[in-house]
$ cat my_file_25.json   # JSON, C-alpha atoms
[["chain", "number", "residue", "atom", "x", "y", "z"],
["A", 288, "MET", "CA", 112.73, 192.97, -14.34],
["A", 289, "THR", "CA", 109.83, 195.41, -14.60],
["A", 290, "VAL", "CA", 106.46, 193.88, -13.78],
["A", 291, "ARG", "CA", 102.90, 195.19, -13.77],
["A", 292, "VAL", "CA", 100.83, 193.91, -10.86],
["A", 293, "MET", "CA", 97.10, 194.57, -11.22],
["A", 294, "LEU", "CA", 94.97, 194.02, -8.12],
["A", 295, "ILE", "CA", 91.18, 193.78, -8.36],
["A", 296, "SER", "CA", 89.14, 194.11, -5.19],
["A", 297, "PRO", "CA", 86.24, 191.66, -4.92],
["A", 298, "ALA", "CA", 82.58, 192.44, -5.48],
["A", 299, "LEU", "CA", 80.29, 193.22, -2.56],
["A", 300, "ASN", "CA", 78.82, 190.56, -0.34],
["A", 301, "ALA", "CA", 76.94, 190.54, 2.94],
["A", 302, "ALA", "CA", 80.15, 190.55, 5.04],
["A", 303, "LEU", "CA", 81.42, 193.75, 3.38],
["A", 304, "ARG", "CA", 78.02, 195.45, 3.63],
["A", 305, "GLU", "CA", 77.83, 194.60, 7.35],
["A", 306, "ALA", "CA", 81.43, 195.63, 8.15],
["A", 307, "ARG", "CA", 82.33, 192.10, 9.26],
["A", 308, "PHE", "CA", 85.89, 190.99, 9.85],
["A", 309, "ASP", "CA", 86.59, 188.73, 6.85],
["A", 310, "GLY", "CA", 83.51, 186.57, 7.20],
["A", 311, "ASP", "CA", 84.40, 184.88, 3.90],
["A", 312, "ALA", "CA", 80.81, 184.75, 2.73],
["A", 313, "PRO", "CA", 80.04, 184.14, -0.95],
["A", 314, "LEU", "CA", 78.99, 186.96, -3.25],
["A", 315, "ASP", "CA", 75.34, 187.88, -3.19],
["A", 316, "ALA", "CA", 73.28, 188.22, -6.39],
["A", 317, "ALA", "CA", 74.05, 191.94, -6.75],
["A", 318, "GLY", "CA", 77.79, 191.29, -6.39],
["A", 319, "VAL", "CA", 77.71, 188.59, -9.06],
["A", 320, "ARG", "CA", 75.76, 190.87, -11.43],
["A", 321, "ARG", "CA", 78.20, 193.74, -10.99],
["A", 322, "ALA", "CA", 81.21, 191.50, -11.55],
["A", 323, "ARG", "CA", 79.68, 190.07, -14.73],
["A", 324, "VAL", "CA", 79.05, 193.59, -16.04],
["A", 325, "ALA", "CA", 82.70, 194.48, -15.27],
["A", 326, "ALA", "CA", 84.12, 191.36, -16.95],
["A", 327, "PRO", "CA", 84.79, 192.95, -20.39],
["A", 328, "ASP", "CA", 86.92, 195.64, -18.72],
["A", 329, "VAL", "CA", 89.33, 193.26, -16.97],
["A", 330, "PRO", "CA", 92.84, 193.77, -18.37],
["A", 331, "ASP", "CA", 94.80, 190.91, -19.86],
["A", 332, "ALA", "CA", 97.67, 189.31, -17.97],
["A", 333, "GLY", "CA", 100.05, 186.42, -18.45],
["A", 334, "ARG", "CA", 99.39, 185.22, -14.92],
["A", 335, "ARG", "CA", 96.03, 185.27, -13.12],
["A", 336, "LEU", "CA", 95.81, 184.72, -9.37],
["A", 337, "ARG", "CA", 93.25, 185.11, -6.64],
["A", 338, "GLY", "CA", 93.12, 185.09, -2.88],
["A", 339, "PRO", "CA", 91.84, 181.79, -1.48],
["A", 340, "SER", "CA", 88.64, 183.27, 0.01],
["A", 341, "VAL", "CA", 85.18, 182.33, -1.23],
["A", 342, "ARG", "CA", 84.59, 186.01, -2.07],
["A", 343, "CYS", "CA", 87.73, 186.22, -4.26],
["A", 344, "ALA", "CA", 86.92, 182.90, -5.94],
["A", 345, "GLY", "CA", 83.36, 184.04, -6.72],
["A", 346, "THR", "CA", 84.55, 187.37, -8.06],
["A", 347, "ALA", "CA", 87.17, 185.77, -10.29],
["A", 348, "GLU", "CA", 84.58, 183.33, -11.63],
["A", 349, "ALA", "CA", 82.01, 186.08, -12.29],
["A", 350, "LEU", "CA", 84.72, 188.11, -14.07],
["A", 351, "GLY", "CA", 85.42, 185.09, -16.30],
["A", 352, "LEU", "CA", 88.94, 184.60, -14.96],
["A", 353, "ARG", "CA", 90.62, 181.24, -14.59],
["A", 354, "ALA", "CA", 92.64, 182.36, -11.60],
["A", 355, "VAL", "CA", 94.93, 180.18, -9.49],
["A", 356, "PRO", "CA", 94.52, 180.46, -5.70],
["A", 357, "GLU", "CA", 97.62, 182.05, -4.14],
["A", 358, "PRO", "CA", 98.06, 181.64, -0.36],
["A", 359, "ALA", "CA", 100.50, 184.57, -0.21],
["A", 360, "VAL", "CA", 97.66, 186.99, -1.03],
["A", 361, "ARG", "CA", 95.11, 185.58, 1.40],
["A", 362, "GLY", "CA", 93.04, 188.09, 3.36],
["A", 363, "TRP", "CA", 94.06, 189.51, 6.72],
["A", 364, "ASP", "CA", 93.90, 186.79, 9.40],
["A", 365, "MET", "CA", 91.62, 188.29, 12.02],
["A", 366, "GLY", "CA", 91.81, 185.31, 14.37],
["A", 367, "ARG", "CA", 88.86, 184.99, 16.73],
["A", 368, "TRP", "CA", 87.27, 188.19, 15.35],
["A", 369, "SER", "CA", 86.70, 186.57, 11.94],
["A", 370, "GLY", "CA", 83.06, 186.73, 10.94],
["A", 371, "LEU", "CA", 82.13, 189.25, 13.67],
["A", 372, "ARG", "CA", 80.95, 192.80, 13.02],
["A", 373, "LEU", "CA", 83.23, 195.66, 14.01],
["A", 374, "ASP", "CA", 80.52, 197.23, 16.21],
["A", 375, "GLU", "CA", 80.06, 193.92, 18.07],
["A", 376, "VAL", "CA", 83.75, 193.59, 18.79],
["A", 377, "GLY", "CA", 84.03, 197.28, 19.68],
["A", 378, "ALA", "CA", 81.25, 196.92, 22.25],
["A", 379, "ALA", "CA", 82.65, 193.70, 23.75],
["A", 380, "GLU", "CA", 86.38, 194.56, 23.62],
["A", 381, "PRO", "CA", 86.84, 198.34, 23.31],
["A", 382, "ALA", "CA", 90.40, 198.34, 24.68],
["A", 383, "ALA", "CA", 91.44, 195.57, 22.28],
["A", 384, "VAL", "CA", 89.97, 197.39, 19.27],
["A", 385, "SER", "CA", 91.68, 200.63, 20.34],
["A", 386, "ALA", "CA", 95.03, 198.83, 20.64],
["A", 387, "TRP", "CA", 94.54, 197.16, 17.24],
["A", 388, "LEU", "CA", 93.80, 200.51, 15.55],
["A", 389, "ALA", "CA", 96.63, 202.40, 17.28],
["A", 390, "ASP", "CA", 99.49, 199.90, 17.29],
["A", 391, "PRO", "CA", 100.51, 198.24, 13.98],
["A", 392, "SER", "CA", 102.17, 195.40, 15.91],
["A", 393, "ALA", "CA", 99.04, 194.59, 17.97],
["A", 394, "ALA", "CA", 97.04, 191.43, 17.29],
["A", 395, "PRO", "CA", 94.56, 191.15, 20.19],
["A", 396, "HIS", "CA", 92.40, 188.86, 18.03],
["A", 397, "GLY", "CA", 95.12, 186.21, 17.86],
["A", 398, "GLY", "CA", 95.63, 186.51, 14.10],
["A", 399, "GLU", "CA", 98.04, 188.69, 12.10],
["A", 400, "SER", "CA", 99.08, 192.17, 13.14],
["A", 401, "LEU", "CA", 99.00, 194.96, 10.57],
["A", 402, "LEU", "CA", 102.80, 194.79, 10.39],
["A", 403, "GLU", "CA", 102.64, 191.05, 9.63],
["A", 404, "LEU", "CA", 100.04, 191.60, 6.89],
["A", 405, "CYS", "CA", 102.13, 194.35, 5.27],
["A", 406, "SER", "CA", 105.34, 192.29, 5.53],
["A", 407, "ARG", "CA", 103.70, 189.24, 3.95],
["A", 408, "THR", "CA", 102.33, 191.35, 1.11],
["A", 409, "ARG", "CA", 105.71, 193.07, 0.60],
["A", 410, "ARG", "CA", 107.46, 189.69, 0.32],
["A", 411, "TRP", "CA", 104.96, 188.61, -2.35],
["A", 412, "LEU", "CA", 105.39, 191.83, -4.33],
["A", 413, "ASP", "CA", 109.17, 191.63, -4.06],
["A", 414, "SER", "CA", 109.13, 188.05, -5.34],
["A", 415, "LEU", "CA", 107.24, 189.22, -8.44],
["A", 416, "GLY", "CA", 109.42, 192.27, -8.98],
["A", 417, "SER", "CA", 112.67, 190.38, -8.65],
["A", 418, "GLY", "CA", 111.69, 187.36, -10.75],
["A", 419, "SER", "CA", 112.48, 185.15, -7.75],
["A", 420, "ASP", "CA", 109.10, 183.44, -7.99],
["A", 421, "GLY", "CA", 110.40, 181.41, -10.94],
["A", 422, "ARG", "CA", 108.22, 183.13, -13.54],
["A", 423, "ALA", "CA", 110.62, 185.69, -14.99],
["A", 424, "GLY", "CA", 108.87, 185.86, -18.37],
["A", 425, "GLU", "CA", 105.50, 186.92, -16.96],
["A", 426, "ASP", "CA", 105.55, 190.69, -16.69],
["A", 427, "ARG", "CA", 101.78, 191.18, -16.16],
["A", 428, "VAL", "CA", 100.14, 189.68, -13.08],
["A", 429, "LEU", "CA", 96.44, 190.07, -12.34],
["A", 430, "ALA", "CA", 95.12, 189.10, -8.90],
["A", 431, "VAL", "CA", 91.68, 189.27, -7.28],
["A", 432, "VAL", "CA", 92.46, 190.02, -3.63],
["A", 433, "GLU", "CA", 90.72, 191.25, -0.50],
["A", 434, "PRO", "CA", 90.70, 195.03, 0.11],
["A", 435, "SER", "CA", 93.08, 194.59, 3.06],
["A", 436, "VAL", "CA", 95.66, 193.06, 0.72],
["A", 437, "VAL", "CA", 95.27, 195.92, -1.78],
["A", 438, "ARG", "CA", 95.83, 198.42, 1.03],
["A", 439, "ALA", "CA", 98.83, 196.48, 2.36],
["A", 440, "ALA", "CA", 100.30, 196.32, -1.16],
["A", 441, "VAL", "CA", 100.07, 200.10, -1.54],
["A", 442, "VAL", "CA", 101.69, 200.62, 1.88],
["A", 443, "ALA", "CA", 104.46, 198.15, 1.03],
["A", 444, "ALA", "CA", 105.07, 199.35, -2.53],
["A", 445, "LEU", "CA", 105.35, 203.02, -1.58],
["A", 446, "ALA", "CA", 107.19, 202.36, 1.71],
["A", 447, "LEU", "CA", 104.48, 204.25, 3.60],
["A", 448, "PRO", "CA", 104.23, 204.19, 7.39],
["A", 449, "PRO", "CA", 102.02, 201.24, 8.42],
["A", 450, "GLU", "CA", 99.48, 203.66, 9.93],
["A", 451, "SER", "CA", 98.74, 204.87, 6.37],
["A", 452, "PHE", "CA", 96.85, 201.61, 5.86],
["A", 453, "TRP", "CA", 93.90, 203.06, 7.78],
["A", 454, "ARG", "CA", 93.75, 206.09, 5.47],
["A", 455, "LEU", "CA", 93.32, 204.08, 2.27],
["A", 456, "ASP", "CA", 89.88, 203.17, 0.93],
["A", 457, "VAL", "CA", 89.43, 200.41, -1.63],
["A", 458, "ALA", "CA", 86.05, 200.28, -3.35],
["A", 459, "PRO", "CA", 84.63, 196.98, -4.63],
["A", 460, "LEU", "CA", 85.56, 195.98, -8.18],
["A", 461, "THR", "CA", 88.30, 198.55, -8.61],
["A", 462, "LEU", "CA", 91.70, 198.05, -10.16],
["A", 463, "THR", "CA", 94.89, 199.12, -8.39],
["A", 464, "ALA", "CA", 97.99, 198.79, -10.56],
["A", 465, "LEU", "CA", 101.61, 198.72, -9.44],
["A", 466, "SER", "CA", 104.42, 198.78, -11.96],
["A", 467, "GLY", "CA", 108.11, 198.49, -11.34],
["A", 468, "ARG", "CA", 110.30, 196.01, -9.54],
["A", 469, "SER", "CA", 111.39, 195.04, -6.05],
["A", 470, "GLY", "CA", 112.07, 198.20, -4.04],
["A", 471, "ARG", "CA", 110.76, 200.64, -6.68],
["A", 472, "TRP", "CA", 107.06, 200.69, -7.53],
["A", 473, "ASN", "CA", 104.75, 203.22, -9.15],
["A", 474, "LEU", "CA", 101.06, 203.29, -8.26],
["A", 475, "ARG", "CA", 97.83, 203.76, -10.19],
["A", 476, "CYS", "CA", 94.85, 203.17, -7.89],
["A", 477, "GLY", "CA", 91.11, 202.93, -7.73],
["A", 478, "GLN", "CA", 90.18, 202.56, -11.38],
["A", 479, "PRO", "CA", 86.60, 201.27, -11.65],
["A", 480, "LEU", "CA", 86.29, 198.30, -13.96],
["A", 481, "SER", "CA", 82.93, 199.58, -15.21],
["A", 482, "PRO", "CA", 80.05, 201.78, -14.04],
["A", 483, "ALA", "CA", 77.87, 200.08, -11.44],
["A", 484, "PRO", "CA", 74.52, 198.97, -12.91],
["A", 485, "ALA", "CA", 71.26, 199.93, -11.25],
["A", 486, "ASP", "CA", 69.97, 197.13, -9.03]]
$ encode --input "my_file_25.json" --output "structure tokens"
Amino acid sequence: MTVRVMLISPALNAALREARFDGDAPLDAAGVRRARVAAPDVPDAGRRLRGPSVRCAGTAEALGLRAVPEPAVRGWDMGRWSGLRLDEVGAAEPAAVSAWLADPSAAPHGGESLLELCSRTRRWLDSLGSGSDGRAGEDRVLAVVEPSVVRAAVVAALALPPESFWRLDVAPLTLTALSGRSGRWNLRCGQPLSPAPAD
């Protein structure tokens, strides 16, 4: 079965602006405004999902989507680093941060390694592309997911080396589309949903 999986990255919030590890803060007023402006450009889909984070829930709501929370597309589990800024952790644990950036199997924070995140995301994609998720008739899936999940999906879909994850940038409120089936995906990435309004 061929399926189209459309991933929307969430709008900005304080945690993204401050380079925090998945602080799961709600959207700020500017993020809500931008998502509402983008709402008319959201593509249609037979199935609408979202990551379980507050940020994904707020983005889906501001986009006017009735999206079902999906645990399989939750954000990267950063363990005890969750909510902290990268510069804080880098100053307190430089060796741990270096290991985390250099070794895809490292999880010095006690959460998921990069390999675990990519594997989890690959299993979710494969379940959609094979029809094994029990929804064989739904060939268009739209999901609001954290940027880390978008990056992991691209790595998994294109069978890239895990280190490629660090070379991918995902801007807020952009659409990344994968089409194909388990084991064979095509990519269309980084489409803005609409021009950003002036704040």
$ closest_residue --input "my_file_25.json" --among "A:Val431, A:Ile295, A:Ala306, A:Leu447" --to "Asp374 of chain A" --atoms "all atoms listed in the file"
A:Ala306
$ residues_around --input "my_file_25.json" --residues "Glu450 of chain A" --least-positions-apart "3" --cutoff "12 Å" --atoms "only C-alpha atoms" --output "number ranges by chain"
A: 387-392, 400-402, 405, 438-439, 442-443, 446-447, 453-455
$ atom_distance --input "my_file_25.json" --atom1 "atom CA of Gln478 of chain A" --atom2 "atom CA of Arg307 of chain A"
24.4 Å
$ atom_distance --input "my_file_25.json" --atom1 "atom CA of Gly318 of chain A" --atom2 "atom CA of Ser369 of chain A"
20.9 Å
$ closest_residue --input "my_file_25.json" --among "A:Trp472, A:Trp363, A:Phe452, A:Phe308" --to "Glu399 of chain A" --atoms "only C-alpha atoms"
A:Trp363
$ residues_around --input "my_file_25.json" --residues "Val376 of chain A" --least-positions-apart "5" --cutoff "12 Å" --atoms "only C-alpha atoms" --output "short mmCIF file (atom, residue, chain, number, x, y, z; two decimals) with C-alpha atoms, in the frame of the given file"
data_model
loop_
_atom_site.label_atom_id
_atom_site.label_comp_id
_atom_site.auth_asym_id
_atom_site.auth_seq_id
_atom_site.Cartn_x
_atom_site.Cartn_y
_atom_site.Cartn_z
CA ALA A 306 81.43 195.63 8.15
CA ARG A 307 82.33 192.10 9.26
CA PHE A 308 85.89 190.99 9.85
CA MET A 365 91.62 188.29 12.02
CA ARG A 367 88.86 184.99 16.73
CA TRP A 368 87.27 188.19 15.35
CA SER A 369 86.70 186.57 11.94
CA GLY A 370 83.06 186.73 10.94
CA LEU A 371 82.13 189.25 13.67
CA PRO A 381 86.84 198.34 23.31
CA ALA A 382 90.40 198.34 24.68
CA ALA A 383 91.44 195.57 22.28
CA VAL A 384 89.97 197.39 19.27
CA SER A 385 91.68 200.63 20.34
CA TRP A 387 94.54 197.16 17.24
CA PRO A 395 94.56 191.15 20.19
CA HIS A 396 92.40 188.86 18.03
#
$ closest_residue --input "my_file_25.json" --among "A:Asn473, A:Ser451, A:Ser466, A:Thr461" --to "Thr346 of chain A" --atoms "all atoms listed in the file"
A:Thr461
$ axis_aligned_box --input "my_file_25.json" --around "segment 344-352 of chain A" --padding-each-side "3 Å" --output "JSON"
{"center_x": 85.5, "center_y": 185.5, "center_z": -11.1, "size_x": 12.9, "size_y": 11.2, "size_z": 16.4}
$ residues_around --input "my_file_25.json" --residues "Arg334 of chain A" --least-positions-apart "6" --cutoff "12 Å" --atoms "all atoms listed in the file" --output "number ranges by chain"
A: 290-294, 352-357, 415, 422-431
$ closest_residue --input "my_file_25.json" --among "A:Glu348, A:Pro459, A:Arg361, A:Gly377" --to "Leu299 of chain A" --atoms "all atoms listed in the file"
A:Pro459
$ atom_distance --input "my_file_25.json" --atom1 "atom CA of Ala325 of chain A" --atom2 "atom CA of Ser414 of chain A"
29.0 Å
